[in-house]
>>> print(open('structure35.pdb').read())   # PDB, C-alpha atoms
ATOM      1  CA  MET A  83      29.814 -74.729  40.485
ATOM      2  CA  GLY A  84      26.747 -72.455  40.229
ATOM      3  CA  PHE A  85      24.103 -72.172  37.538
ATOM      4  CA  LEU A  86      24.301 -72.409  33.782
ATOM      5  CA  VAL A  87      22.001 -69.701  32.411
ATOM      6  CA  GLY A  88      20.174 -69.786  29.101
ATOM      7  CA  THR A  89      17.155 -68.807  27.062
ATOM      8  CA  ALA A  90      13.838 -70.515  26.343
ATOM      9  CA  GLY A  91      14.327 -70.840  22.630
ATOM     10  CA  ILE A  92      16.457 -69.053  20.074
ATOM     11  CA  PRO A  93      17.764 -65.646  21.269
ATOM     12  CA  HIS A  94      16.139 -62.661  19.567
ATOM     13  CA  SER A  95      19.518 -61.343  18.405
ATOM     14  CA  THR A  96      20.179 -64.508  16.367
ATOM     15  CA  PHE A  97      20.896 -64.244  12.654
ATOM     16  CA  GLN A  98      21.447 -67.138  10.290
ATOM     17  CA  GLY A  99      24.881 -67.547   8.829
ATOM     18  CA  ASP A 100      25.578 -69.337   5.554
ATOM     19  CA  GLY A 101      24.387 -72.932   5.756
ATOM     20  CA  GLU A 102      22.928 -72.552   9.270
ATOM     21  CA  ASP A 103      19.435 -73.468  10.372
ATOM     22  CA  MET A 104      17.930 -71.189  13.029
ATOM     23  CA  THR A 105      18.378 -73.637  15.912
ATOM     24  CA  SER A 106      22.079 -74.039  15.135
ATOM     25  CA  ALA A 107      22.410 -70.275  14.766
ATOM     26  CA  GLY A 108      20.712 -69.867  18.144
ATOM     27  CA  ILE A 109      23.223 -72.175  19.797
ATOM     28  CA  ARG A 110      26.074 -70.175  18.282
ATOM     29  CA  THR A 111      24.476 -66.949  19.500
ATOM     30  CA  ILE A 112      24.198 -68.318  23.038
ATOM     31  CA  LYS A 113      27.961 -68.847  22.991
ATOM     32  CA  GLU A 114      28.590 -65.366  21.570
ATOM     33  CA  LEU A 115      26.416 -63.814  24.293
ATOM     34  CA  LYS A 116      28.483 -65.687  26.918
ATOM     35  CA  LEU A 117      25.404 -67.538  28.091
ATOM     36  CA  ASP A 118      25.539 -71.268  28.769
ATOM     37  CA  ALA A 119      22.358 -73.040  27.728
ATOM     38  CA  MET A 120      19.353 -73.016  25.417
ATOM     39  CA  GLU A 121      15.994 -74.722  25.705
ATOM     40  CA  LEU A 122      14.518 -76.295  22.584
ATOM     41  CA  GLU A 123      10.902 -75.146  22.485
ATOM     42  CA  PHE A 124       8.795 -78.107  21.421
ATOM     43  CA  VAL A 125       5.734 -76.555  23.079
ATOM     44  CA  ASN A 126       3.619 -76.698  19.898
ATOM     45  CA  GLY A 127       5.136 -79.956  18.690
ATOM     46  CA  VAL A 128       8.543 -81.539  18.104
ATOM     47  CA  TYR A 129       9.937 -79.770  15.052
ATOM     48  CA  LEU A 130      13.222 -81.667  14.626
ATOM     49  CA  THR A 131      13.627 -84.781  12.502
ATOM     50  CA  PRO A 132      16.067 -87.453  13.735
ATOM     51  CA  GLU A 133      18.611 -86.273  11.160
ATOM     52  CA  LYS A 134      18.326 -82.630  12.203
ATOM     53  CA  ALA A 135      18.478 -83.600  15.884
ATOM     54  CA  GLN A 136      21.802 -85.352  15.362
ATOM     55  CA  LYS A 137      23.113 -82.254  13.591
ATOM     56  CA  ILE A 138      22.000 -80.092  16.555
ATOM     57  CA  LYS A 139      23.940 -82.384  18.893
ATOM     58  CA  ASP A 140      27.099 -81.813  16.840
ATOM     59  CA  VAL A 141      26.556 -78.046  16.940
ATOM     60  CA  LYS A 142      25.901 -77.866  20.678
ATOM     61  CA  GLU A 143      29.021 -79.951  21.367
ATOM     62  CA  ARG A 144      31.123 -77.735  19.100
ATOM     63  CA  PHE A 145      30.070 -74.596  20.972
ATOM     64  CA  GLY A 146      29.933 -76.163  24.442
ATOM     65  CA  VAL A 147      26.302 -75.178  25.024
ATOM     66  CA  VAL A 148      23.993 -77.260  27.238
ATOM     67  CA  LEU A 149      20.559 -78.042  25.810
ATOM     68  CA  THR A 150      17.284 -78.592  27.629
ATOM     69  CA  ALA A 151      13.840 -78.938  26.056
ATOM     70  CA  HIS A 152      10.201 -78.179  26.787
ATOM     71  CA  ALA A 153       7.675 -80.825  25.759
ATOM     72  CA  PRO A 154       4.395 -79.924  24.008
ATOM     73  CA  TYR A 155       1.824 -78.064  26.086
ATOM     74  CA  PHE A 156      -1.034 -80.378  25.120
ATOM     75  CA  LEU A 157       0.064 -83.303  27.304
ATOM     76  CA  ASN A 158      -2.556 -84.231  29.890
ATOM     77  CA  PHE A 159      -2.068 -87.324  32.004
ATOM     78  CA  GLY A 160      -5.077 -86.293  34.108
ATOM     79  CA  ASN A 161      -7.600 -86.991  31.342
ATOM     80  CA  PRO A 162      -8.101 -90.742  30.703
ATOM     81  CA  GLU A 163      -8.986 -89.991  27.076
ATOM     82  CA  LYS A 164      -5.633 -88.273  26.505
ATOM     83  CA  ILE A 165      -3.228 -90.425  28.526
ATOM     84  CA  GLU A 166      -2.091 -92.707  25.684
ATOM     85  CA  MET A 167      -1.663 -89.765  23.311
ATOM     86  CA  SER A 168       0.280 -87.879  25.969
ATOM     87  CA  LYS A 169       2.602 -90.803  26.615
ATOM     88  CA  SER A 170       3.227 -91.224  22.890
ATOM     89  CA  VAL A 171       4.025 -87.525  22.452
ATOM     90  CA  LEU A 172       6.355 -87.417  25.458
ATOM     91  CA  ILE A 173       8.167 -90.559  24.319
ATOM     92  CA  HIS A 174       8.652 -89.041  20.853
ATOM     93  CA  THR A 175       9.991 -85.883  22.533
ATOM     94  CA  LEU A 176      12.407 -88.020  24.533
ATOM     95  CA  LYS A 177      13.645 -89.865  21.438
ATOM     96  CA  ILE A 178      14.379 -86.685  19.487
ATOM     97  CA  SER A 179      15.864 -84.966  22.544
ATOM     98  CA  GLU A 180      18.177 -87.920  23.162
ATOM     99  CA  LEU A 181      19.463 -87.636  19.595
ATOM    100  CA  ALA A 182      19.988 -83.885  20.076
ATOM    101  CA  GLY A 183      22.015 -84.348  23.259
ATOM    102  CA  VAL A 184      19.419 -82.708  25.505
ATOM    103  CA  LYS A 185      20.011 -83.034  29.234
ATOM    104  CA  SER A 186      16.452 -82.754  30.520
ATOM    105  CA  ILE A 187      12.917 -82.098  29.311
ATOM    106  CA  ALA A 188      10.371 -80.016  31.215
ATOM    107  CA  PHE A 189       6.716 -80.967  30.796
ATOM    108  CA  HIS A 190       3.367 -79.963  32.274
ATOM    109  CA  PRO A 191       1.850 -83.224  33.565
ATOM    110  CA  ALA A 192      -1.882 -82.578  33.728
ATOM    111  CA  TYR A 193      -4.988 -80.528  34.284
ATOM    112  CA  TYR A 194      -7.288 -81.707  37.044
ATOM    113  CA  PHE A 195     -10.056 -82.382  34.476
ATOM    114  CA  LYS A 196     -13.170 -83.608  36.368
ATOM    115  CA  LYS A 197     -11.228 -85.573  38.949
ATOM    116  CA  ASP A 198     -10.146 -84.707  42.458
ATOM    117  CA  VAL A 199      -6.533 -84.114  43.401
ATOM    118  CA  ASN A 200      -5.878 -87.679  44.597
ATOM    119  CA  GLU A 201      -7.310 -89.275  41.457
ATOM    120  CA  THR A 202      -5.253 -86.981  39.255
ATOM    121  CA  PHE A 203      -2.140 -87.735  41.307
ATOM    122  CA  GLY A 204      -2.654 -91.466  40.749
ATOM    123  CA  LEU A 205      -3.070 -91.085  36.989
ATOM    124  CA  VAL A 206      -0.009 -88.853  36.690
ATOM    125  CA  LYS A 207       2.080 -91.154  38.860
ATOM    126  CA  GLN A 208       1.232 -94.217  36.758
ATOM    127  CA  ALA A 209       1.987 -92.445  33.477
ATOM    128  CA  ILE A 210       5.314 -91.038  34.676
ATOM    129  CA  ALA A 211       6.314 -94.450  36.040
ATOM    130  CA  GLU A 212       5.815 -95.866  32.534
ATOM    131  CA  ILE A 213       7.843 -93.034  31.019
ATOM    132  CA  GLN A 214      10.638 -93.680  33.523
ATOM    133  CA  HIS A 215      10.616 -97.371  32.552
ATOM    134  CA  PHE A 216      10.973 -96.399  28.878
ATOM    135  CA  VAL A 217      13.953 -94.131  29.637
ATOM    136  CA  ILE A 218      15.716 -96.764  31.741
ATOM    137  CA  PHE A 219      14.996 -99.643  29.311
ATOM    138  CA  ASN A 220      16.418 -97.637  26.397
ATOM    139  CA  LYS A 221      19.371 -96.368  28.451
ATOM    140  CA  PHE A 222      18.600 -92.761  27.586
ATOM    141  CA  GLY A 223      20.644 -89.956  29.097
ATOM    142  CA  VAL A 224      17.832 -87.408  28.806
ATOM    143  CA  GLU A 225      15.436 -86.956  31.746
ATOM    144  CA  ALA A 226      11.716 -86.126  31.719
ATOM    145  CA  ARG A 227      10.980 -83.661  34.509
ATOM    146  CA  PRO A 228       7.449 -82.571  35.502
ATOM    147  CA  GLU A 229       7.307 -78.801  35.958
ATOM    148  CA  THR A 230       5.700 -76.694  38.650
ATOM    149  CA  ALA A 231       2.526 -75.238  37.159
ATOM    150  CA  GLY A 232       1.476 -71.596  37.280
ATOM    151  CA  LYS A 233      -2.316 -72.050  37.254
ATOM    152  CA  THR A 234      -4.399 -73.392  40.123
ATOM    153  CA  PHE A 235      -6.375 -75.739  37.832
ATOM    154  CA  GLN A 236      -3.168 -77.433  36.659
ATOM    155  CA  PHE A 237      -1.581 -80.377  38.418
ATOM    156  CA  GLY A 238       1.891 -79.344  39.523
ATOM    157  CA  SER A 239       2.123 -77.578  42.861
ATOM    158  CA  ILE A 240       5.544 -77.879  44.469
ATOM    159  CA  GLU A 241       3.975 -80.139  47.120
ATOM    160  CA  GLU A 242       2.515 -82.481  44.487
ATOM    161  CA  LEU A 243       5.789 -82.757  42.615
ATOM    162  CA  ILE A 244       7.775 -83.414  45.794
ATOM    163  CA  SER A 245       5.294 -86.185  46.650
ATOM    164  CA  LEU A 246       5.784 -87.693  43.181
ATOM    165  CA  CYS A 247       9.564 -87.685  43.682
ATOM    166  CA  LYS A 248       9.193 -89.475  47.002
ATOM    167  CA  GLU A 249       7.058 -92.202  45.397
ATOM    168  CA  LEU A 250       8.947 -92.626  42.100
ATOM    169  CA  ASP A 251      12.621 -93.503  42.469
ATOM    170  CA  GLY A 252      14.929 -91.331  40.398
ATOM    171  CA  LEU A 253      12.326 -88.738  39.388
ATOM    172  CA  LYS A 254      13.566 -85.152  39.217
ATOM    173  CA  ILE A 255      11.501 -82.015  38.699
ATOM    174  CA  CYS A 256      11.688 -78.727  36.829
ATOM    175  CA  ILE A 257      11.030 -75.775  39.115
ATOM    176  CA  ASP A 258       9.573 -72.624  37.587
ATOM    177  CA  PHE A 259       9.869 -70.074  40.377
ATOM    178  CA  ALA A 260       7.643 -67.567  38.586
ATOM    179  CA  HIS A 261       4.948 -70.250  38.356
ATOM    180  CA  ILE A 262       5.211 -70.819  42.108
ATOM    181  CA  TYR A 263       4.868 -67.061  42.621
ATOM    182  CA  SER A 264       1.850 -66.771  40.312
ATOM    183  CA  ARG A 265       0.121 -69.922  41.602
ATOM    184  CA  SER A 266       0.364 -68.447  45.125
ATOM    185  CA  ARG A 267      -0.959 -65.148  43.702
ATOM    186  CA  GLY A 268       2.133 -63.327  44.869
ATOM    187  CA  GLN A 269       2.331 -64.807  48.361
ATOM    188  CA  ILE A 270       5.553 -66.697  47.658
ATOM    189  CA  ASN A 271       8.103 -64.149  46.476
ATOM    190  CA  GLY A 272      11.441 -62.611  47.319
ATOM    191  CA  TYR A 273      14.429 -63.981  49.164
ATOM    192  CA  ASP A 274      12.476 -65.327  52.152
ATOM    193  CA  GLY A 275       9.748 -66.961  50.076
ATOM    194  CA  PHE A 276      12.082 -68.670  47.639
ATOM    195  CA  MET A 277      14.506 -69.697  50.357
ATOM    196  CA  ARG A 278      11.603 -71.491  52.066
ATOM    197  CA  ILE A 279      10.921 -73.349  48.817
ATOM    198  CA  LEU A 280      14.576 -74.357  48.498
ATOM    199  CA  GLU A 281      14.713 -75.433  52.135
ATOM    200  CA  THR A 282      11.587 -77.555  51.628
ATOM    201  CA  ILE A 283      13.148 -79.261  48.601
ATOM    202  CA  TRP A 284      16.337 -79.901  50.579
ATOM    203  CA  ARG A 285      14.461 -81.230  53.603
ATOM    204  CA  GLU A 286      12.134 -83.512  51.612
ATOM    205  CA  LEU A 287      14.383 -84.669  48.768
ATOM    206  CA  GLY A 288      17.908 -84.193  50.044
ATOM    207  CA  ASP A 289      20.962 -82.224  49.037
ATOM    208  CA  SER A 290      21.177 -83.876  45.616
ATOM    209  CA  ALA A 291      17.894 -82.221  44.594
ATOM    210  CA  LEU A 292      19.571 -78.805  44.924
ATOM    211  CA  LYS A 293      22.725 -79.840  43.075
ATOM    212  CA  ASP A 294      21.158 -80.824  39.752
ATOM    213  CA  MET A 295      18.315 -78.387  39.198
ATOM    214  CA  HIS A 296      16.432 -77.571  36.000
ATOM    215  CA  CYS A 297      14.751 -74.219  36.625
ATOM    216  CA  HIS A 298      12.646 -71.724  34.715
ATOM    217  CA  VAL A 299      12.256 -68.059  35.578
ATOM    218  CA  GLU A 300      10.530 -65.069  34.030
ATOM    219  CA  GLY A 301       8.576 -61.999  34.898
ATOM    220  CA  ILE A 302       4.901 -62.876  35.166
ATOM    221  CA  GLN A 303       1.399 -61.480  35.560
ATOM    222  CA  PHE A 304      -1.123 -63.389  37.665
ATOM    223  CA  GLY A 305      -4.863 -63.273  38.293
ATOM    224  CA  LYS A 306      -7.415 -65.192  40.376
ATOM    225  CA  THR A 307      -6.365 -68.568  38.993
ATOM    226  CA  GLY A 308      -2.644 -67.843  38.842
ATOM    227  CA  GLU A 309      -0.540 -67.271  35.738
ATOM    228  CA  VAL A 310      -1.899 -64.941  33.055
ATOM    229  CA  LYS A 311       1.137 -64.205  30.887
ATOM    230  CA  HIS A 312       4.909 -63.890  30.916
ATOM    231  CA  LEU A 313       6.489 -60.450  31.291
ATOM    232  CA  ASN A 314       9.986 -59.027  31.401
ATOM    233  CA  PHE A 315      11.490 -58.746  34.875
ATOM    234  CA  SER A 316      11.132 -54.965  34.852
ATOM    235  CA  GLU A 317       7.365 -55.197  34.245
ATOM    236  CA  SER A 318       6.590 -57.737  36.962
ATOM    237  CA  GLY A 319       6.343 -57.882  40.735
ATOM    238  CA  PHE A 320       8.324 -61.119  40.655
ATOM    239  CA  ASP A 321      11.481 -60.565  42.723
ATOM    240  CA  PHE A 322      14.177 -62.107  40.531
ATOM    241  CA  LYS A 323      16.919 -60.473  42.592
ATOM    242  CA  GLY A 324      15.633 -62.128  45.761
ATOM    243  CA  LEU A 325      15.484 -65.442  43.919
ATOM    244  CA  ALA A 326      19.075 -65.092  42.727
ATOM    245  CA  LYS A 327      20.236 -64.337  46.271
ATOM    246  CA  ALA A 328      18.405 -67.403  47.607
ATOM    247  CA  LEU A 329      19.920 -69.661  44.938
ATOM    248  CA  VAL A 330      23.430 -68.380  45.629
ATOM    249  CA  GLU A 331      23.141 -68.651  49.403
ATOM    250  CA  SER A 332      21.599 -72.142  49.239
ATOM    251  CA  LYS A 333      24.587 -73.241  47.118
ATOM    252  CA  ALA A 334      22.219 -74.727  44.536
ATOM    253  CA  ASP A 335      23.551 -75.802  41.123
ATOM    254  CA  GLY A 336      22.050 -76.631  37.770
ATOM    255  CA  ILE A 337      20.507 -74.987  34.724
ATOM    256  CA  ILE A 338      18.207 -71.968  34.794
ATOM    257  CA  ILE A 339      16.287 -71.006  31.677
ATOM    258  CA  CYS A 340      14.881 -67.510  31.208
ATOM    259  CA  GLU A 341      11.371 -67.436  29.719
ATOM    260  CA  SER A 342      10.888 -63.652  29.800
ATOM    261  CA  PRO A 343       9.746 -62.215  26.433
ATOM    262  CA  SER A 344      13.095 -60.406  26.153
ATOM    263  CA  LEU A 345      14.919 -63.756  26.488
ATOM    264  CA  GLU A 346      18.631 -62.920  26.415
ATOM    265  CA  SER A 347      18.299 -59.483  28.042
ATOM    266  CA  ASP A 348      16.781 -60.893  31.225
ATOM    267  CA  ALA A 349      18.977 -64.014  31.005
ATOM    268  CA  LEU A 350      22.088 -61.814  31.062
ATOM    269  CA  LEU A 351      20.722 -59.877  34.069
ATOM    270  CA  LEU A 352      20.156 -63.152  35.853
ATOM    271  CA  LYS A 353      23.601 -64.512  35.004
ATOM    272  CA  GLU A 354      25.249 -61.415  36.448
ATOM    273  CA  LEU A 355      23.324 -61.823  39.705
ATOM    274  CA  LEU A 356      24.200 -65.533  39.946
ATOM    275  CA  SER A 357      27.899 -65.150  39.170
TER     276      SER A 357
END
>>> encode(input="structure35.pdb", output="structure tokens")
Amino acid sequence: MGFLVGTAGIPHSTFQGDGEDMTSAGIRTIKELKLDAMELEFVNGVYLTPEKAQKIKDVKERFGVVLTAHAPYFLNFGNPEKIEMSKSVLIHTLKISELAGVKSIAFHPAYYFKKDVNETFGLVKQAIAEIQHFVIFNKFGVEARPETAGKTFQFGSIEELISLCKELDGLKICIDFAHIYSRSRGQINGYDGFMRILETIWRELGDSALKDMHCHVEGIQFGKTGEVKHLNFSESGFDFKGLAKALVESKADGIIICESPSLESDALLLKELLS
């Protein structure tokens, strides 16, 4: 089956046609570019009303484009003072995304705050368990997936997220391979490095975890604490070609969203390598 490839947000080449809003125009552009998916960028807040979300669902079904979403950046289940706010925001994101026909939502779970790793893990686990209960109770089709984090002071190493999946039935994760690369300060890179990550996921979570992936990828710059900023593939030491080879050879499937600043240019490079 292979990967559906898309952009993190509206492609840069998008123009609005008569009667189109920009999100709808972006979905149309994805189809015209012969890409497959688009991520709704709610990183600064959910910008769709329920009415507009239902319209987006109609548009994405008309063009046969798969939608994912990224929840607001300001979630933090590691800070007791922000847990209730974070749950409320993520639930609102889920409600709007369900109306829009989104398949899965990526979110950054937490910063370590002033707590140790185990305390933070416990807080995140409890909050996500409550979110899972909400999704199941409301019979939602959209999934909330914690994402691998690019900075060392963020909760979200691949090991932490695998542990969460083993303790919370049905939880799936969003894997940002560039974040793994930057968090390791370049130590995990290339075909061998990413194949080890995929093999670890397969060994710990089973074959199904490689057959329904939600991935992010981008060029990236890192410093002492990991991620600094996103770059285009050509400007970064991130080995996207090695990643593509590892994904193909591992027979992984799913959705991969390009977060490079160039968006569709790097997404099209990636699609060619994965085809």
>>> closest_residue(input="structure35.pdb", among="A:Lys185, A:Lys164, A:His174, A:His215", to="Leu122 (chain A)", atoms="all atoms listed in the file")
A:Lys185
>>> closest_residue(input="structure35.pdb", among="A:His261, A:Lys248, A:Glu317, A:Glu300", to="Thr89 (chain A)", atoms="all atoms listed in the file")
A:Glu300
>>> closest_atom_pairs(input="structure35.pdb", of="region 143-176 of chain A", to="region 190-206 of chain A", cutoff="6 Å", atoms="only C-alpha atoms", output="Markdown table")
| residue | atom | partner | partner_atom | distance |
| --- | --- | --- | --- | --- |
| A:Asn158 | CA | A:Ala192 | CA | 4.2 |
| A:Phe159 | CA | A:Ala192 | CA | 5.1 |
| A:Gly160 | CA | A:Ala192 | CA | 4.9 |
>>> closest_residue(input="structure35.pdb", among="A:Val217, A:Ala135, A:Val148, A:Ile283", to="Ile173 (chain A)", atoms="all atoms listed in the file")
A:Val217
>>> closest_residue(input="structure35.pdb", among="A:Ala182, A:Ala291, A:Leu86, A:Val310", to="Gly223 (chain A)", atoms="all atoms listed in the file")
A:Ala182
>>> closest_residue(input="structure35.pdb", among="A:Leu313, A:Ala209, A:Met277, A:Ala326", to="Leu246 (chain A)", atoms="all atoms listed in the file")
A:Ala209
>>> closest_residue(input="structure35.pdb", among="A:His298, A:Arg110, A:His152, A:Lys207", to="Ala349 (chain A)", atoms="all atoms listed in the file")
A:His298
>>> atom_distance(input="structure35.pdb", atom1="CA of Ser290 (chain A)", atom2="CA of Ile337 (chain A)")
14.1 Å
>>> build_atoms(input="structure35.pdb", residues="region 85-103 of chain A", atoms="N, CA and C atoms", output="compact mmCIF listing (two decimals), keeping the file's coordinate frame")
# COMPACT_ATOMS: atom_id res chain seq x y z
N PHE A 85 25.11 -71.91 38.56
CA PHE A 85 24.10 -72.17 37.54
C PHE A 85 24.59 -71.85 36.14
N LEU A 86 24.19 -72.71 35.20
CA LEU A 86 24.30 -72.41 33.78
C LEU A 86 23.02 -71.68 33.40
N VAL A 87 23.15 -70.55 32.71
CA VAL A 87 22.00 -69.70 32.41
C VAL A 87 21.76 -69.68 30.90
N GLY A 88 20.49 -69.79 30.52
CA GLY A 88 20.17 -69.79 29.10
C GLY A 88 18.80 -69.23 28.79
N THR A 89 18.41 -69.37 27.54
CA THR A 89 17.16 -68.81 27.06
C THR A 89 16.18 -69.91 26.67
N ALA A 90 14.89 -69.60 26.79
CA ALA A 90 13.84 -70.52 26.34
C ALA A 90 13.63 -70.30 24.86
N GLY A 91 14.40 -70.99 24.07
CA GLY A 91 14.33 -70.84 22.63
C GLY A 91 15.48 -70.01 22.08
N ILE A 92 15.40 -69.74 20.81
CA ILE A 92 16.46 -69.05 20.07
C ILE A 92 16.51 -67.58 20.48
N PRO A 93 17.67 -67.06 20.89
CA PRO A 93 17.76 -65.65 21.27
C PRO A 93 17.28 -64.72 20.16
N HIS A 94 16.68 -63.59 20.55
CA HIS A 94 16.14 -62.66 19.57
C HIS A 94 17.22 -62.05 18.67
N SER A 95 18.43 -61.97 19.18
CA SER A 95 19.52 -61.34 18.40
C SER A 95 20.15 -62.29 17.39
N THR A 96 19.61 -63.50 17.27
CA THR A 96 20.18 -64.51 16.37
C THR A 96 19.98 -64.13 14.90
N PHE A 97 21.02 -64.34 14.11
CA PHE A 97 20.90 -64.24 12.65
C PHE A 97 21.50 -65.51 12.06
N GLN A 98 20.96 -65.94 10.94
CA GLN A 98 21.45 -67.14 10.29
C GLN A 98 22.68 -66.85 9.45
N GLY A 99 23.72 -67.60 9.70
CA GLY A 99 24.88 -67.55 8.83
C GLY A 99 24.70 -68.48 7.64
N ASP A 100 25.65 -68.47 6.74
CA ASP A 100 25.58 -69.34 5.55
C ASP A 100 25.51 -70.80 5.98
N GLY A 101 24.51 -71.50 5.48
CA GLY A 101 24.39 -72.93 5.76
C GLY A 101 23.83 -73.28 7.12
N GLU A 102 23.45 -72.30 7.93
CA GLU A 102 22.93 -72.55 9.27
C GLU A 102 21.40 -72.63 9.26
N ASP A 103 20.85 -73.54 10.04
CA ASP A 103 19.43 -73.47 10.37
C ASP A 103 19.31 -72.59 11.61
